[in-house]
Amino acid sequence: MKNQFCLSAVCRLFASAAVFCLMQFSLSATAQTTLKVSAIPDEAPTELQRKFAPLGAYLEKEIGLKVEFIPVTDYAAVVEGLAAKKLDLVWLGGFTFVQAKLRTGTAIPIVQREEDRVFTSKFIANADAGINALADLKGKNFSFGSVSSTSGHLMPRYFLQQNKLSPEKDFKRVAFSGAHDATALQVESGKVEAGVLNASVWDKMVQEKKVDTAKVKVIYTTPTYFDYNWTVRGDLDAALIKKLTDAFLKLDPKNPAHKEILDLQRASRFIPTNADNYKGIESAAREAGLLK
């Protein structure tokens, strides 16, 4: 009887061990092997991929996972991809972060560029349109960027309202170009008489001579506000979130390889951020009628 009891105990022990091993195998089989990354399409897809390539290679080394960049066609797709857990790390504007936070309830902004603490938008006009100030926009054709863009729509609309201007009432026609660089080119060509885009893209286009400043001029620069950040989905492994955060914060402009990455991101360096920084964006969105 005693031998029978011992044999039964040994069998139970082996059975427990087998179940444990099976669980471990299952966990290892489903362990994350790829970090899926995307970005709001505020510039041409080819430009976004070019800018991300060195950063992606750097992150692969830092976190020990394959990094895959997944381009999308519109801003909403990034928010929905994060909510559906098809994306792990995303580059968002302030407004799209607010949308992602409300949509998921768990999205975590981890870092932003130093420049994103004091971001601005630039209102531009075709040089032949006779526009020299915001008040001159009345009766003109005007283009925002994307509907969900912080610096190409939300904050410019907010500041227009602060200046007693309603785009739908005061402008002849309101259009949405879909991207900052597209807005600048539409104004340059005369397709629209004026528009607005983020200051960073404008400065880059001027520097790279992709816009003719003899044909387009800046008529107004907005006050500053918080904008872009890198956000992770809230249920991402905590250790991986820390690795990602540390990797961004380690980027040093004194290191030539790091400087290349930072230059492509138009960043002097990355700094920590948190959801509280974007409460002003959420308030502006509600005041502008873009959030219910």
# chains A, B, ... in the order shown; residues from 1 in each chain; ligands from 1

$ select_by_dssp --residues "stretch 63-164 of chain A" --states "alpha helix (DSSP H)" --output "PyMOL selection string"
chain A and resi 63+75-83+94-104+155-162

$ write_last_selection --atoms "N, CA and C atoms" --output "CSV table (one decimal), in the first residue's frame"
chain,number,residue,atom,x,y,z
A,63,ILE,N,17.3,47.0,-27.7
A,63,ILE,CA,16.2,46.2,-27.1
A,63,ILE,C,16.3,44.7,-27.4
A,75,TYR,N,-3.9,59.4,-40.2
A,75,TYR,CA,-3.6,59.5,-38.8
A,75,TYR,C,-4.5,58.5,-37.9
A,76,ALA,N,-5.7,58.3,-38.3
A,76,ALA,CA,-6.6,57.4,-37.5
A,76,ALA,C,-6.1,56.0,-37.5
A,77,ALA,N,-5.4,55.6,-38.6
A,77,ALA,CA,-4.9,54.2,-38.6
A,77,ALA,C,-3.9,53.9,-37.5
A,78,VAL,N,-3.1,54.9,-37.2
A,78,VAL,CA,-2.1,54.7,-36.1
A,78,VAL,C,-2.8,54.5,-34.8
A,79,VAL,N,-3.8,55.3,-34.5
A,79,VAL,CA,-4.5,55.2,-33.2
A,79,VAL,C,-5.2,53.9,-33.2
A,80,GLU,N,-5.9,53.5,-34.3
A,80,GLU,CA,-6.6,52.2,-34.3
A,80,GLU,C,-5.6,51.0,-34.2
A,81,GLY,N,-4.5,51.1,-34.8
A,81,GLY,CA,-3.5,50.1,-34.8
A,81,GLY,C,-3.0,49.9,-33.3
A,82,LEU,N,-2.8,50.9,-32.6
A,82,LEU,CA,-2.4,50.9,-31.2
A,82,LEU,C,-3.5,50.2,-30.4
A,83,ALA,N,-4.7,50.6,-30.6
A,83,ALA,CA,-5.9,50.1,-29.8
A,83,ALA,C,-6.1,48.6,-30.1
A,94,GLY,N,0.5,65.7,-30.6
A,94,GLY,CA,-0.2,65.9,-29.3
A,94,GLY,C,-1.7,65.5,-29.4
A,95,PHE,N,-2.4,65.9,-30.5
A,95,PHE,CA,-3.8,65.6,-30.6
A,95,PHE,C,-4.0,64.1,-30.8
A,96,THR,N,-3.2,63.5,-31.6
A,96,THR,CA,-3.4,62.0,-31.9
A,96,THR,C,-3.1,61.2,-30.6
A,97,PHE,N,-2.1,61.8,-29.7
A,97,PHE,CA,-1.9,61.1,-28.5
A,97,PHE,C,-3.2,61.2,-27.6
A,98,VAL,N,-3.8,62.4,-27.5
A,98,VAL,CA,-5.0,62.5,-26.8
A,98,VAL,C,-6.1,61.5,-27.3
A,99,GLN,N,-6.2,61.4,-28.6
A,99,GLN,CA,-7.2,60.5,-29.2
A,99,GLN,C,-6.8,59.1,-28.8
A,100,ALA,N,-5.5,58.7,-28.9
A,100,ALA,CA,-5.1,57.4,-28.5
A,100,ALA,C,-5.3,57.1,-27.0
A,101,LYS,N,-5.1,58.0,-26.2
A,101,LYS,CA,-5.3,57.9,-24.7
A,101,LYS,C,-6.8,57.6,-24.5
A,102,LEU,N,-7.7,58.4,-25.1
A,102,LEU,CA,-9.1,58.3,-24.9
A,102,LEU,C,-9.6,57.0,-25.6
A,103,ARG,N,-9.0,56.6,-26.7
A,103,ARG,CA,-9.4,55.3,-27.4
A,103,ARG,C,-9.0,54.1,-26.6
A,104,THR,N,-7.8,54.1,-26.1
A,104,THR,CA,-7.3,52.9,-25.4
A,104,THR,C,-7.4,52.9,-23.9
A,155,MET,N,-4.3,73.1,-33.2
A,155,MET,CA,-3.8,74.3,-32.6
A,155,MET,C,-3.9,75.5,-33.5
A,156,PRO,N,-3.7,75.4,-34.8
A,156,PRO,CA,-3.9,76.6,-35.6
A,156,PRO,C,-5.4,77.0,-35.6
A,157,ARG,N,-6.3,76.1,-35.6
A,157,ARG,CA,-7.8,76.4,-35.5
A,157,ARG,C,-8.0,77.1,-34.1
A,158,TYR,N,-7.4,76.6,-33.1
A,158,TYR,CA,-7.6,77.1,-31.8
A,158,TYR,C,-7.1,78.6,-31.7
A,159,PHE,N,-6.0,78.8,-32.3
A,159,PHE,CA,-5.4,80.2,-32.3
A,159,PHE,C,-6.2,81.1,-33.2
A,160,LEU,N,-6.7,80.6,-34.3
A,160,LEU,CA,-7.6,81.4,-35.2
A,160,LEU,C,-8.8,81.9,-34.4
A,161,GLN,N,-9.4,80.9,-33.6
A,161,GLN,CA,-10.6,81.3,-32.8
A,161,GLN,C,-10.2,82.3,-31.8
A,162,GLN,N,-9.0,82.2,-31.2
A,162,GLN,CA,-8.6,83.2,-30.2
A,162,GLN,C,-8.5,84.6,-30.9

$ select_by_dssp --residues "stretch 119-172 of chain A" --states "strand (DSSP E or B)" --output "PyMOL selection string"
chain A and resi 119+121-126+141-144

$ residues_around --residues "stretch 200-215 of chain A" --least-positions-apart "6" --cutoff "8 Å" --atoms "only C-alpha atoms" --output "PyMOL selection string"
chain A and resi 122+126-128+180-181+184-185+188+266

$ closest_atom_pairs --of "stretch 83-117 of chain A" --to "stretch 240-250 of chain A" --cutoff "10 Å" --atoms "only C-alpha atoms" --output "Markdown table"
| residue | atom | partner | partner_atom | distance |
| --- | --- | --- | --- | --- |
| A:Asp88 | CA | A:Ile241 | CA | 9.8 |
| A:Leu89 | CA | A:Leu244 | CA | 9.2 |
| A:Ile108 | CA | A:Ile241 | CA | 9.4 |
| A:Pro109 | CA | A:Thr245 | CA | 9.7 |
| A:Ile110 | CA | A:Thr245 | CA | 6.1 |
| A:Val111 | CA | A:Thr245 | CA | 6.7 |
| A:Gln112 | CA | A:Phe248 | CA | 9.1 |
| A:Arg113 | CA | A:Phe248 | CA | 9.6 |

$ write_last_selection --atoms "C-alpha atoms" --output "short mmCIF file (atom, residue, chain, number, x, y, z; two decimals), in the first residue's frame"
data_model
loop_
_atom_site.label_atom_id
_atom_site.label_comp_id
_atom_site.auth_asym_id
_atom_site.auth_seq_id
_atom_site.Cartn_x
_atom_site.Cartn_y
_atom_site.Cartn_z
CA ASP A 88 3.67 48.60 -30.09
CA LEU A 89 5.41 51.96 -30.46
CA ILE A 108 1.74 55.77 -22.41
CA PRO A 109 3.85 58.63 -23.83
CA ILE A 110 7.47 57.84 -22.97
CA VAL A 111 9.65 60.50 -24.61
CA GLN A 112 9.46 63.64 -26.70
CA ARG A 113 12.02 65.78 -28.45
#

$ closest_residue --among "A:Gly139, A:Arg233, A:Phe176, A:Thr222" --to "A:Asn163" --atoms "only C-alpha atoms"
A:Thr222

$ closest_residue --among "A:Ala288, A:Thr231, A:Ala238, A:Leu48" --to "A:Leu165" --atoms "only C-alpha atoms"
A:Ala288

$ residues_around --residues "A:Lys254" --least-positions-apart "5" --cutoff "12 Å" --atoms "only C-alpha atoms" --output "ChimeraX atom specification"
/A:259-263,268-269

$ write_last_selection --atoms "N, CA and C atoms" --output "PDB file, in the first residue's frame"
ATOM      1  N   LYS A 259      24.071  61.413 -33.557  1.00  0.00           N
ATOM      2  CA  LYS A 259      23.710  62.718 -34.128  1.00  0.00           C
ATOM      3  C   LYS A 259      22.981  62.537 -35.452  1.00  0.00           C
ATOM      4  N   GLU A 260      23.389  61.541 -36.236  1.00  0.00           N
ATOM      5  CA  GLU A 260      22.702  61.268 -37.508  1.00  0.00           C
ATOM      6  C   GLU A 260      21.235  60.930 -37.245  1.00  0.00           C
ATOM      7  N   ILE A 261      21.002  60.089 -36.228  1.00  0.00           N
ATOM      8  CA  ILE A 261      19.632  59.710 -35.879  1.00  0.00           C
ATOM      9  C   ILE A 261      18.840  60.921 -35.413  1.00  0.00           C
ATOM     10  N   LEU A 262      19.437  61.706 -34.524  1.00  0.00           N
ATOM     11  CA  LEU A 262      18.755  62.890 -33.982  1.00  0.00           C
ATOM     12  C   LEU A 262      18.461  63.914 -35.078  1.00  0.00           C
ATOM     13  N   ASP A 263      19.413  64.109 -35.984  1.00  0.00           N
ATOM     14  CA  ASP A 263      19.203  65.072 -37.073  1.00  0.00           C
ATOM     15  C   ASP A 263      18.029  64.665 -37.949  1.00  0.00           C
ATOM     16  N   SER A 268      17.230  67.847 -30.976  1.00  0.00           N
ATOM     17  CA  SER A 268      18.522  68.098 -30.326  1.00  0.00           C
ATOM     18  C   SER A 268      18.807  66.971 -29.343  1.00  0.00           C
ATOM     19  N   ARG A 269      17.750  66.456 -28.715  1.00  0.00           N
ATOM     20  CA  ARG A 269      17.819  65.283 -27.843  1.00  0.00           C
ATOM     21  C   ARG A 269      16.391  64.894 -27.474  1.00  0.00           C
TER      22      ARG A 269
END

$ residues_around --residues "A:Asp227" --least-positions-apart "4" --cutoff "9 Å" --atoms "only C-alpha atoms" --output "ChimeraX atom specification"
/A:92-95,112,115-120,150-151,277-278,281
